[in-house]
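Worksheet: one structure, shown below.
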Amino acid sequence: MEKIFVETTSHTEFLEITSEVEKIVKNSKVKDGICFLYVPHTTASLFINENADPSVRKDIENYLLKLIPEKGNYQHLEGNSASHIRSTLLGSSLSIPLENGSLLLGTWQGIYFAEFDGPRRREVWVKIIKD
Amino acid sequence: MEKIFVETTSHTEFLEITSEVEKIVKNSKVKDGICFLYVPHTTASLFINENADPSVRKDIENYLLKLIPEKGNYQHLEGNSASHIRSTLLGSSLSIPLENGSLLLGTWQGIYFAEFDGPRRREVWVKIIKD
Amino acid sequence: MEKIFVETTSHTEFLEITSEVEKIVKNSKVKDGICFLYVPHTTASLFINENADPSVRKDIENYLLKLIPEKGNYQHLEGNSASHIRSTLLGSSLSIPLENGSLLLGTWQGIYFAEFDGPRRREVWVKIIKD
């Protein structure tokens, strides 16, 4: 299993990791299969969406911040319940098909690490499953 | 990898694709494993839910349209930010167990393609992973 | 494929199943791969989040109950549309990496079964995919 290390610089932040994942896929020499990504954190997630216009990510981020308010009637005393809820909604793993030794993403798709309780040093674990 | 082609006819639409997926599983002759489905689009998703009463899908659709309003304080100029947010919440892939050469769905489960920015011609990619 | 049986005692309830999953992983004798979990129900889900402070789960639960109200302008006559919507948002499967014959979860992560229409007897299906 390979690891991608991510340094986030804000409380909430979406960082594209497509090229780091692609590098691991190339090094694995696996031609066909699935690339499985896993986040071992409880206040961070992964998602796939548009990588052309950055305003799309900004709209997704703003929406999530508004939908799950930072302050609320939360019981958890650490003050980061909103971060746990956001990461639960987006989930902790992704799978992407591989063909001819490359990630098979759609034309407009990029892979994003979603930080919901930064800034922190984070990890994304990568496993390549052969067909 | 196999492809399912989907023609959507509305802006938002949930289309059942269970029988198309089952056909690909049968043709693969794989007995046990996982069927992996992937949507290469950034304004469409996949989900599994009830296939008996169609009003369940209608309730899910109406809820998502209300939760993520079509018009909002969005930055993305193409006007389809709500479609990107909806597809980010539902995700871009599904995995379903296979046994004895068939999809192993629960009694009430069907596989749905979720169009959030139609009408369009769309694709679902299917990969069968052997045990 | 192995099965975990879950007895829920409330309408909405999050039950930790990490140790049951770990037991199946150990028995499988598989050293490296992915543990795939699947819920064959349309009003229940799986998620991964913090297993240290139980108030985190309570905050996630309270948030979902408020976000998707029990009573609404729903068409489905069985009265459990909110349960279907909640399970659609959280999804019906999880994948977790395996290494050295163990689940490779993050320090604070636990695996949860999310009941949204209990009390009921439920199943979680487990498949171990070798590397």
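Just remember, in the structure tokens the first chain shown is A, the second B, etc., residues are 1-based per chain, and ligands are 1-based in the order shown.
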
Chain C fitted onto chain A, all C-alpha pairs in order, as a compact mmCIF listing (two decimals) with N, CA and C atoms, in the first residue's frame:
# COMPACT_ATOMS: atom_id res chain seq x y z
N MET C 1 0.81 -1.18 0.02
CA MET C 1 -0.02 0.02 0.01
C MET C 1 0.84 1.27 -0.01
N GLU C 2 0.46 2.22 -0.79
CA GLU C 2 1.20 3.48 -0.88
C GLU C 2 0.46 4.56 -0.10
N LYS C 3 1.19 5.63 0.24
CA LYS C 3 0.56 6.74 0.97
C LYS C 3 0.85 8.06 0.26
N ILE C 4 -0.17 8.91 0.25
CA ILE C 4 0.00 10.29 -0.22
C ILE C 4 -0.09 11.17 1.02
N PHE C 5 0.88 12.06 1.20
CA PHE C 5 0.83 12.98 2.34
C PHE C 5 0.32 14.33 1.88
N VAL C 6 -0.64 14.86 2.63
CA VAL C 6 -1.29 16.11 2.26
C VAL C 6 -1.12 17.10 3.42
N GLU C 7 -0.65 18.29 3.11
CA GLU C 7 -0.55 19.36 4.13
C GLU C 7 -1.66 20.36 3.84
N THR C 8 -2.62 20.48 4.73
CA THR C 8 -3.67 21.47 4.48
C THR C 8 -3.33 22.75 5.24
N THR C 9 -3.83 23.87 4.74
CA THR C 9 -3.45 25.17 5.32
C THR C 9 -4.65 25.95 5.86
N SER C 10 -5.87 25.41 5.68
CA SER C 10 -7.06 26.11 6.18
C SER C 10 -7.94 25.12 6.95
N HIS C 11 -8.95 25.65 7.62
CA HIS C 11 -9.91 24.80 8.33
C HIS C 11 -10.64 23.90 7.35
N THR C 12 -11.14 24.48 6.28
CA THR C 12 -11.81 23.72 5.23
C THR C 12 -11.07 23.97 3.93
N GLU C 13 -10.78 22.90 3.19
CA GLU C 13 -9.96 23.07 1.99
C GLU C 13 -10.09 21.83 1.11
N PHE C 14 -10.25 22.05 -0.19
CA PHE C 14 -10.30 20.92 -1.14
C PHE C 14 -9.04 20.95 -1.98
N LEU C 15 -8.23 19.90 -1.89
CA LEU C 15 -6.95 19.84 -2.61
C LEU C 15 -7.00 18.77 -3.68
N GLU C 16 -6.64 19.12 -4.90
CA GLU C 16 -6.62 18.10 -5.95
C GLU C 16 -5.41 17.19 -5.78
N ILE C 17 -5.64 15.88 -5.83
CA ILE C 17 -4.54 14.90 -5.67
C ILE C 17 -4.46 13.96 -6.89
N THR C 18 -5.10 14.34 -7.99
CA THR C 18 -5.15 13.46 -9.16
C THR C 18 -3.75 13.04 -9.63
N SER C 19 -2.82 14.01 -9.73
CA SER C 19 -1.51 13.66 -10.30
C SER C 19 -0.71 12.78 -9.34
N GLU C 20 -0.86 12.96 -8.03
CA GLU C 20 -0.18 12.08 -7.07
C GLU C 20 -0.72 10.65 -7.19
N VAL C 21 -2.03 10.53 -7.36
CA VAL C 21 -2.62 9.18 -7.51
C VAL C 21 -2.14 8.55 -8.82
N GLU C 22 -2.14 9.33 -9.88
CA GLU C 22 -1.70 8.82 -11.20
C GLU C 22 -0.25 8.31 -11.13
N LYS C 23 0.59 9.03 -10.41
CA LYS C 23 2.00 8.61 -10.27
C LYS C 23 2.10 7.23 -9.62
N ILE C 24 1.31 7.01 -8.57
CA ILE C 24 1.32 5.71 -7.88
C ILE C 24 0.80 4.61 -8.80
N VAL C 25 -0.22 4.93 -9.58
CA VAL C 25 -0.75 3.96 -10.55
C VAL C 25 0.33 3.57 -11.55
N LYS C 26 1.00 4.55 -12.11
CA LYS C 26 2.08 4.29 -13.10
C LYS C 26 3.17 3.41 -12.48
N ASN C 27 3.62 3.76 -11.27
CA ASN C 27 4.69 3.00 -10.61
C ASN C 27 4.29 1.56 -10.32
N SER C 28 3.00 1.33 -10.14
CA SER C 28 2.55 -0.02 -9.78
C SER C 28 2.67 -0.99 -10.95
N LYS C 29 2.73 -0.46 -12.17
CA LYS C 29 2.82 -1.27 -13.40
C LYS C 29 1.56 -2.13 -13.62
N VAL C 30 0.52 -1.91 -12.81
CA VAL C 30 -0.72 -2.65 -13.02
C VAL C 30 -1.45 -2.05 -14.22
N LYS C 31 -1.88 -2.92 -15.14
CA LYS C 31 -2.51 -2.43 -16.38
C LYS C 31 -4.01 -2.22 -16.18
N ASP C 32 -4.70 -3.22 -15.62
CA ASP C 32 -6.15 -3.13 -15.48
C ASP C 32 -6.58 -3.48 -14.07
N GLY C 33 -7.56 -2.76 -13.59
CA GLY C 33 -8.03 -3.02 -12.24
C GLY C 33 -8.75 -1.82 -11.67
N ILE C 34 -8.62 -1.66 -10.36
CA ILE C 34 -9.29 -0.56 -9.67
C ILE C 34 -8.28 0.09 -8.73
N CYS C 35 -8.31 1.42 -8.71
CA CYS C 35 -7.48 2.15 -7.76
C CYS C 35 -8.37 2.54 -6.58
N PHE C 36 -8.01 2.06 -5.40
CA PHE C 36 -8.81 2.27 -4.20
C PHE C 36 -8.10 3.27 -3.29
N LEU C 37 -8.81 4.33 -2.91
CA LEU C 37 -8.24 5.38 -2.07
C LEU C 37 -8.99 5.41 -0.74
N TYR C 38 -8.23 5.57 0.35
CA TYR C 38 -8.84 5.52 1.67
C TYR C 38 -8.27 6.62 2.57
N VAL C 39 -9.15 7.30 3.29
CA VAL C 39 -8.74 8.35 4.22
C VAL C 39 -8.89 7.82 5.65
N PRO C 40 -7.79 7.73 6.41
CA PRO C 40 -7.86 7.16 7.77
C PRO C 40 -8.24 8.19 8.83
N HIS C 41 -8.92 9.26 8.43
CA HIS C 41 -9.28 10.34 9.35
C HIS C 41 -10.81 10.42 9.50
N THR C 42 -11.25 11.07 10.58
CA THR C 42 -12.71 11.16 10.82
C THR C 42 -13.25 12.57 10.59
N THR C 43 -12.37 13.47 10.15
CA THR C 43 -12.82 14.84 9.80
C THR C 43 -12.24 15.25 8.45
N ALA C 44 -12.10 14.27 7.55
CA ALA C 44 -11.63 14.54 6.19
C ALA C 44 -12.25 13.50 5.27
N SER C 45 -12.32 13.81 3.98
CA SER C 45 -12.97 12.92 3.02
C SER C 45 -12.26 12.98 1.67
N LEU C 46 -12.82 12.24 0.73
CA LEU C 46 -12.38 12.26 -0.66
C LEU C 46 -13.61 12.42 -1.54
N PHE C 47 -13.47 13.12 -2.64
CA PHE C 47 -14.58 13.14 -3.61
C PHE C 47 -14.02 13.38 -5.01
N ILE C 48 -14.85 13.06 -5.99
CA ILE C 48 -14.51 13.29 -7.40
C ILE C 48 -15.47 14.33 -7.95
N ASN C 49 -14.96 15.40 -8.55
CA ASN C 49 -15.83 16.32 -9.26
C ASN C 49 -15.00 17.16 -10.23
N GLU C 50 -15.62 18.16 -10.81
CA GLU C 50 -15.00 18.95 -11.88
C GLU C 50 -13.65 19.55 -11.49
N ASN C 51 -12.66 19.41 -12.39
CA ASN C 51 -11.35 20.02 -12.14
C ASN C 51 -11.03 21.14 -13.13
N ALA C 52 -12.03 21.58 -13.89
CA ALA C 52 -11.77 22.67 -14.85
C ALA C 52 -11.96 24.03 -14.15
N ASP C 53 -13.16 24.39 -13.83
CA ASP C 53 -13.43 25.69 -13.20
C ASP C 53 -13.39 25.56 -11.67
N PRO C 54 -12.41 26.20 -11.01
CA PRO C 54 -12.29 26.08 -9.54
C PRO C 54 -13.50 26.61 -8.79
N SER C 55 -14.35 27.41 -9.45
CA SER C 55 -15.53 27.94 -8.75
C SER C 55 -16.52 26.83 -8.41
N VAL C 56 -16.45 25.70 -9.13
CA VAL C 56 -17.33 24.56 -8.79
C VAL C 56 -16.98 24.06 -7.39
N ARG C 57 -15.68 23.88 -7.12
CA ARG C 57 -15.26 23.43 -5.78
C ARG C 57 -15.66 24.44 -4.71
N LYS C 58 -15.51 25.71 -5.04
CA LYS C 58 -15.86 26.77 -4.08
C LYS C 58 -17.36 26.69 -3.76
N ASP C 59 -18.18 26.44 -4.78
CA ASP C 59 -19.63 26.33 -4.57
C ASP C 59 -19.96 25.10 -3.71
N ILE C 60 -19.26 23.98 -3.95
CA ILE C 60 -19.49 22.77 -3.15
C ILE C 60 -19.09 23.06 -1.69
N GLU C 61 -17.95 23.71 -1.51
CA GLU C 61 -17.44 24.02 -0.16
C GLU C 61 -18.40 24.96 0.57
N ASN C 62 -18.76 26.06 -0.09
CA ASN C 62 -19.68 27.02 0.55
C ASN C 62 -21.01 26.36 0.92
N TYR C 63 -21.48 25.49 0.03
CA TYR C 63 -22.75 24.82 0.30
C TYR C 63 -22.64 23.94 1.55
N LEU C 64 -21.57 23.14 1.64
CA LEU C 64 -21.42 22.23 2.79
C LEU C 64 -21.26 23.01 4.10
N LEU C 65 -20.54 24.14 4.04
CA LEU C 65 -20.35 24.95 5.25
C LEU C 65 -21.67 25.52 5.74
N LYS C 66 -22.55 25.83 4.79
CA LYS C 66 -23.85 26.40 5.15
C LYS C 66 -24.82 25.30 5.61
N LEU C 67 -24.78 24.16 4.90
CA LEU C 67 -25.71 23.05 5.22
C LEU C 67 -25.44 22.50 6.62
N ILE C 68 -24.16 22.37 6.96
CA ILE C 68 -23.79 21.82 8.28
C ILE C 68 -23.08 22.95 9.03
N PRO C 69 -23.82 23.70 9.82
CA PRO C 69 -23.24 24.90 10.44
C PRO C 69 -22.17 24.55 11.48
N GLU C 70 -21.14 25.38 11.51
CA GLU C 70 -19.99 25.21 12.41
C GLU C 70 -20.44 25.15 13.87
N LYS C 71 -21.33 26.05 14.24
CA LYS C 71 -21.86 26.05 15.61
C LYS C 71 -23.30 25.57 15.56
N GLY C 72 -23.65 24.71 16.49
CA GLY C 72 -25.02 24.20 16.53
C GLY C 72 -25.25 23.61 17.89
N ASN C 73 -26.35 22.90 18.01
CA ASN C 73 -26.69 22.28 19.28
C ASN C 73 -25.95 20.95 19.39
N TYR C 74 -24.62 20.98 19.33
CA TYR C 74 -23.82 19.75 19.32
C TYR C 74 -23.39 19.36 20.73
N GLN C 75 -23.26 18.03 20.97
CA GLN C 75 -22.85 17.53 22.28
C GLN C 75 -21.35 17.35 22.41
N HIS C 76 -20.69 17.03 21.30
CA HIS C 76 -19.25 16.72 21.32
C HIS C 76 -18.46 17.97 21.74
N LEU C 77 -17.66 17.81 22.79
CA LEU C 77 -17.05 18.99 23.42
C LEU C 77 -15.83 19.55 22.68
N GLU C 78 -15.28 18.78 21.74
CA GLU C 78 -14.09 19.29 21.03
C GLU C 78 -14.43 20.41 20.04
N GLY C 79 -15.74 20.60 19.78
CA GLY C 79 -16.13 21.72 18.92
C GLY C 79 -16.02 21.46 17.43
N ASN C 80 -15.73 20.20 17.05
CA ASN C 80 -15.60 19.92 15.60
C ASN C 80 -16.65 18.94 15.09
N SER C 81 -17.84 18.95 15.71
CA SER C 81 -18.90 18.05 15.25
C SER C 81 -19.26 18.29 13.80
N ALA C 82 -19.29 19.55 13.37
CA ALA C 82 -19.62 19.85 11.97
C ALA C 82 -18.63 19.16 11.03
N SER C 83 -17.36 19.12 11.41
CA SER C 83 -16.33 18.46 10.59
C SER C 83 -16.60 16.96 10.49
N HIS C 84 -17.00 16.33 11.61
CA HIS C 84 -17.33 14.90 11.59
C HIS C 84 -18.55 14.64 10.71
N ILE C 85 -19.56 15.49 10.81
CA ILE C 85 -20.78 15.29 10.01
C ILE C 85 -20.48 15.47 8.52
N ARG C 86 -19.73 16.51 8.17
CA ARG C 86 -19.38 16.73 6.75
C ARG C 86 -18.62 15.53 6.19
N SER C 87 -17.67 14.99 6.96
CA SER C 87 -16.88 13.86 6.43
C SER C 87 -17.72 12.59 6.35
N THR C 88 -18.69 12.44 7.26
CA THR C 88 -19.58 11.27 7.19
C THR C 88 -20.44 11.34 5.92
N LEU C 89 -20.91 12.54 5.57
CA LEU C 89 -21.75 12.67 4.36
C LEU C 89 -20.95 12.38 3.08
N LEU C 90 -19.69 12.81 3.02
CA LEU C 90 -18.90 12.58 1.79
C LEU C 90 -18.22 11.21 1.78
N GLY C 91 -18.02 10.60 2.95
CA GLY C 91 -17.45 9.25 2.96
C GLY C 91 -15.94 9.22 3.04
N SER C 92 -15.38 8.02 3.26
CA SER C 92 -13.95 7.91 3.53
C SER C 92 -13.17 7.14 2.47
N SER C 93 -13.80 6.79 1.37
CA SER C 93 -13.04 6.10 0.33
C SER C 93 -13.58 6.39 -1.07
N LEU C 94 -12.76 6.09 -2.06
CA LEU C 94 -13.13 6.24 -3.48
C LEU C 94 -12.55 5.06 -4.24
N SER C 95 -13.20 4.69 -5.33
CA SER C 95 -12.63 3.69 -6.23
C SER C 95 -12.72 4.23 -7.65
N ILE C 96 -11.64 4.04 -8.41
CA ILE C 96 -11.57 4.57 -9.78
C ILE C 96 -11.04 3.46 -10.68
N PRO C 97 -11.66 3.26 -11.85
CA PRO C 97 -11.17 2.20 -12.73
C PRO C 97 -9.80 2.53 -13.33
N LEU C 98 -9.02 1.47 -13.58
CA LEU C 98 -7.72 1.58 -14.27
C LEU C 98 -7.80 0.85 -15.59
N GLU C 99 -7.22 1.44 -16.63
CA GLU C 99 -7.06 0.73 -17.91
C GLU C 99 -5.79 1.17 -18.59
N ASN C 100 -5.09 0.21 -19.19
CA ASN C 100 -3.81 0.50 -19.85
C ASN C 100 -2.85 1.23 -18.92
N GLY C 101 -2.88 0.88 -17.65
CA GLY C 101 -1.93 1.44 -16.69
C GLY C 101 -2.20 2.87 -16.28
N SER C 102 -3.41 3.39 -16.58
CA SER C 102 -3.77 4.76 -16.19
C SER C 102 -5.12 4.80 -15.49
N LEU C 103 -5.30 5.83 -14.66
CA LEU C 103 -6.62 6.12 -14.09
C LEU C 103 -7.58 6.42 -15.23
N LEU C 104 -8.79 5.86 -15.15
CA LEU C 104 -9.77 6.13 -16.20
C LEU C 104 -10.83 7.09 -15.64
N LEU C 105 -10.47 8.36 -15.57
CA LEU C 105 -11.42 9.38 -15.09
C LEU C 105 -12.20 9.94 -16.28
N GLY C 106 -13.37 10.50 -16.01
CA GLY C 106 -14.10 11.23 -17.04
C GLY C 106 -13.35 12.51 -17.39
N THR C 107 -13.70 13.08 -18.54
CA THR C 107 -13.01 14.27 -19.09
C THR C 107 -12.85 15.40 -18.07
N TRP C 108 -13.90 15.66 -17.30
CA TRP C 108 -13.88 16.81 -16.40
C TRP C 108 -13.63 16.44 -14.95
N GLN C 109 -13.30 15.17 -14.71
CA GLN C 109 -13.16 14.73 -13.32
C GLN C 109 -11.76 14.89 -12.74
N GLY C 110 -11.68 15.33 -11.50
CA GLY C 110 -10.45 15.33 -10.73
C GLY C 110 -10.74 14.68 -9.38
N ILE C 111 -9.67 14.22 -8.70
CA ILE C 111 -9.81 13.58 -7.39
C ILE C 111 -9.44 14.61 -6.33
N TYR C 112 -10.30 14.80 -5.34
CA TYR C 112 -10.06 15.81 -4.32
C TYR C 112 -9.99 15.23 -2.92
N PHE C 113 -9.03 15.75 -2.15
CA PHE C 113 -8.97 15.52 -0.72
C PHE C 113 -9.75 16.66 -0.07
N ALA C 114 -10.71 16.31 0.80
CA ALA C 114 -11.53 17.33 1.47
C ALA C 114 -11.12 17.43 2.93
N GLU C 115 -10.48 18.53 3.28
CA GLU C 115 -10.12 18.81 4.67
C GLU C 115 -11.29 19.53 5.34
N PHE C 116 -11.74 19.01 6.48
CA PHE C 116 -12.84 19.67 7.19
C PHE C 116 -12.43 20.10 8.60
N ASP C 117 -11.16 19.87 8.98
CA ASP C 117 -10.73 20.27 10.33
C ASP C 117 -9.23 20.58 10.36
N GLY C 118 -8.82 21.39 9.39
CA GLY C 118 -7.41 21.73 9.25
C GLY C 118 -7.10 23.03 9.98
N PRO C 119 -5.87 23.53 9.78
CA PRO C 119 -4.80 22.90 8.99
C PRO C 119 -4.15 21.73 9.72
N ARG C 120 -3.82 20.69 8.92
CA ARG C 120 -3.21 19.47 9.47
C ARG C 120 -2.35 18.76 8.42
N ARG C 121 -1.56 17.83 8.91
CA ARG C 121 -0.86 16.89 8.02
C ARG C 121 -1.75 15.66 7.93
N ARG C 122 -2.09 15.26 6.71
CA ARG C 122 -3.04 14.16 6.50
C ARG C 122 -2.45 13.10 5.58
N GLU C 123 -3.12 11.93 5.56
CA GLU C 123 -2.69 10.84 4.69
C GLU C 123 -3.84 10.31 3.84
N VAL C 124 -3.52 9.90 2.64
CA VAL C 124 -4.47 9.15 1.81
C VAL C 124 -3.78 7.85 1.46
N TRP C 125 -4.43 6.74 1.74
CA TRP C 125 -3.83 5.43 1.45
C TRP C 125 -4.34 4.94 0.09
N VAL C 126 -3.42 4.34 -0.67
CA VAL C 126 -3.74 3.93 -2.04
C VAL C 126 -3.44 2.46 -2.23
N LYS C 127 -4.41 1.74 -2.74
CA LYS C 127 -4.23 0.31 -3.01
C LYS C 127 -4.65 0.04 -4.45
N ILE C 128 -3.84 -0.68 -5.18
CA ILE C 128 -4.18 -1.01 -6.57
C ILE C 128 -4.65 -2.46 -6.58
N ILE C 129 -5.88 -2.66 -7.05
CA ILE C 129 -6.45 -4.02 -7.12
C ILE C 129 -6.40 -4.47 -8.58
N LYS C 130 -5.63 -5.53 -8.85
CA LYS C 130 -5.53 -6.07 -10.21
C LYS C 130 -6.83 -6.76 -10.61
N ASP C 131 -7.15 -6.70 -11.88
CA ASP C 131 -8.33 -7.39 -12.41
C ASP C 131 -8.17 -8.90 -12.30

I need the residues in chain B that are helix (DSSP H, G or I) according to DSSP; give them as an MDAnalysis selection string. chainID B and resid 18:28 54:67 81:90

May I have the selected residues written with N, CA, C and O atoms, as a tab-separated table (two decimals), in the first residue's frame?
chain	number	residue	atom	x	y	z
B	18	THR	N	-30.72	-1.78	-13.28
B	18	THR	CA	-30.41	-3.10	-12.70
B	18	THR	C	-30.30	-4.19	-13.77
B	18	THR	O	-29.35	-4.98	-13.75
B	19	SER	N	-31.25	-4.22	-14.72
B	19	SER	CA	-31.24	-5.35	-15.67
B	19	SER	C	-30.07	-5.23	-16.65
B	19	SER	O	-29.49	-6.24	-17.06
B	20	GLU	N	-29.68	-4.00	-17.00
B	20	GLU	CA	-28.50	-3.82	-17.87
B	20	GLU	C	-27.23	-4.30	-17.15
B	20	GLU	O	-26.35	-4.91	-17.77
B	21	VAL	N	-27.13	-4.00	-15.86
B	21	VAL	CA	-25.96	-4.44	-15.10
B	21	VAL	C	-25.95	-5.97	-14.99
B	21	VAL	O	-24.93	-6.62	-15.22
B	22	GLU	N	-27.11	-6.53	-14.69
B	22	GLU	CA	-27.23	-7.99	-14.56
B	22	GLU	C	-26.81	-8.70	-15.86
B	22	GLU	O	-26.15	-9.73	-15.82
B	23	LYS	N	-27.19	-8.12	-17.00
B	23	LYS	CA	-26.83	-8.72	-18.29
B	23	LYS	C	-25.30	-8.78	-18.45
B	23	LYS	O	-24.75	-9.79	-18.90
B	24	ILE	N	-24.62	-7.71	-18.07
B	24	ILE	CA	-23.16	-7.66	-18.17
B	24	ILE	C	-22.53	-8.68	-17.23
B	24	ILE	O	-21.56	-9.37	-17.58
B	25	VAL	N	-23.10	-8.81	-16.03
B	25	VAL	CA	-22.60	-9.79	-15.07
B	25	VAL	C	-22.72	-11.20	-15.64
B	25	VAL	O	-21.77	-11.99	-15.63
B	26	LYS	N	-23.88	-11.52	-16.21
B	26	LYS	CA	-24.11	-12.85	-16.80
B	26	LYS	C	-23.10	-13.11	-17.93
B	26	LYS	O	-22.49	-14.18	-17.99
B	27	ASN	N	-22.93	-12.14	-18.81
B	27	ASN	CA	-22.01	-12.31	-19.94
B	27	ASN	C	-20.57	-12.50	-19.50
B	27	ASN	O	-19.78	-13.12	-20.22
B	28	SER	N	-20.21	-11.95	-18.37
B	28	SER	CA	-18.81	-12.03	-17.90
B	28	SER	C	-18.45	-13.44	-17.47
B	28	SER	O	-17.27	-13.77	-17.36
B	54	PRO	N	-42.41	3.34	-6.94
B	54	PRO	CA	-41.69	4.47	-7.57
B	54	PRO	C	-41.80	5.78	-6.80
B	54	PRO	O	-41.01	6.69	-7.02
B	55	SER	N	-42.75	5.87	-5.87
B	55	SER	CA	-42.88	7.12	-5.10
B	55	SER	C	-41.69	7.32	-4.17
B	55	SER	O	-41.38	8.45	-3.80
B	56	VAL	N	-40.97	6.25	-3.84
B	56	VAL	CA	-39.76	6.41	-3.01
B	56	VAL	C	-38.73	7.24	-3.76
B	56	VAL	O	-38.16	8.19	-3.24
B	57	ARG	N	-38.50	6.88	-5.06
B	57	ARG	CA	-37.55	7.65	-5.87
B	57	ARG	C	-38.00	9.10	-6.00
B	57	ARG	O	-37.19	10.02	-5.99
B	58	LYS	N	-39.29	9.29	-6.20
B	58	LYS	CA	-39.82	10.65	-6.35
B	58	LYS	C	-39.55	11.45	-5.07
B	58	LYS	O	-39.19	12.63	-5.14
B	59	ASP	N	-39.72	10.82	-3.91
B	59	ASP	CA	-39.46	11.50	-2.64
B	59	ASP	C	-37.98	11.84	-2.49
B	59	ASP	O	-37.63	12.92	-2.01
B	60	ILE	N	-37.11	10.92	-2.90
B	60	ILE	CA	-35.65	11.18	-2.85
B	60	ILE	C	-35.32	12.35	-3.77
B	60	ILE	O	-34.60	13.28	-3.40
B	61	GLU	N	-35.88	12.32	-4.98
B	61	GLU	CA	-35.61	13.37	-5.97
B	61	GLU	C	-36.11	14.74	-5.47
B	61	GLU	O	-35.37	15.72	-5.49
B	62	ASN	N	-37.37	14.77	-5.03
B	62	ASN	CA	-37.92	16.03	-4.53
B	62	ASN	C	-37.11	16.58	-3.37
B	62	ASN	O	-36.88	17.79	-3.27
B	63	TYR	N	-36.67	15.67	-2.50
B	63	TYR	CA	-35.90	16.11	-1.33
B	63	TYR	C	-34.58	16.75	-1.77
B	63	TYR	O	-34.21	17.83	-1.30
B	64	LEU	N	-33.87	16.09	-2.70
B	64	LEU	CA	-32.57	16.62	-3.15
B	64	LEU	C	-32.72	17.96	-3.88
B	64	LEU	O	-31.89	18.85	-3.74
B	65	LEU	N	-33.80	18.09	-4.66
B	65	LEU	CA	-34.04	19.35	-5.38
B	65	LEU	C	-34.29	20.50	-4.40
B	65	LEU	O	-33.89	21.63	-4.65
B	66	LYS	N	-34.93	20.18	-3.28
B	66	LYS	CA	-35.24	21.21	-2.29
B	66	LYS	C	-33.99	21.51	-1.43
B	66	LYS	O	-33.70	22.66	-1.12
B	67	LEU	N	-33.28	20.45	-1.06
B	67	LEU	CA	-32.10	20.61	-0.18
B	67	LEU	C	-31.02	21.45	-0.86
B	67	LEU	O	-30.36	22.26	-0.22
B	81	SER	N	-24.28	24.63	-10.74
B	81	SER	CA	-23.62	24.28	-9.47
B	81	SER	C	-24.43	23.32	-8.65
B	81	SER	O	-23.88	22.40	-8.02
B	82	ALA	N	-25.75	23.50	-8.62
B	82	ALA	CA	-26.60	22.59	-7.84
B	82	ALA	C	-26.41	21.15	-8.33
B	82	ALA	O	-26.37	20.21	-7.52
B	83	SER	N	-26.27	20.96	-9.64
B	83	SER	CA	-26.07	19.61	-10.20
B	83	SER	C	-24.74	19.02	-9.73
B	83	SER	O	-24.66	17.83	-9.42
B	84	HIS	N	-23.69	19.84	-9.69
B	84	HIS	CA	-22.39	19.37	-9.20
B	84	HIS	C	-22.47	18.99	-7.72
B	84	HIS	O	-21.90	17.98	-7.29
B	85	ILE	N	-23.16	19.81	-6.93
B	85	ILE	CA	-23.26	19.54	-5.48
B	85	ILE	C	-24.06	18.26	-5.24
B	85	ILE	O	-23.67	17.41	-4.45
B	86	ARG	N	-25.19	18.11	-5.94
B	86	ARG	CA	-26.00	16.89	-5.79
B	86	ARG	C	-25.19	15.64	-6.12
B	86	ARG	O	-25.26	14.63	-5.41
B	87	SER	N	-24.42	15.69	-7.21
B	87	SER	CA	-23.67	14.50	-7.61
B	87	SER	C	-22.51	14.24	-6.64
B	87	SER	O	-22.14	13.09	-6.40
B	88	THR	N	-21.94	15.30	-6.06
B	88	THR	CA	-20.88	15.11	-5.06
B	88	THR	C	-21.44	14.41	-3.82
B	88	THR	O	-20.80	13.52	-3.25
B	89	LEU	N	-22.64	14.79	-3.40
B	89	LEU	CA	-23.25	14.16	-2.21
B	89	LEU	C	-23.56	12.69	-2.45
B	89	LEU	O	-23.37	11.86	-1.57
B	90	LEU	N	-24.03	12.32	-3.64
B	90	LEU	CA	-24.38	10.91	-3.89
B	90	LEU	C	-23.18	10.07	-4.34
B	90	LEU	O	-23.20	8.85	-4.23

Using the chain letters and numbers from this document, which residues of region 32-82 of chain C does DSSP assign to strand (DSSP E or B), as a list in words?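 Everything in region 32-82 of chain C that counts as strand (DSSP E or B) is Gly33, Ile34, Cys35, Phe36, Leu37, Tyr38, Ala44, Ser45, Leu46, Phe47, Ile48, Asn49 and Glu50 of chain C.
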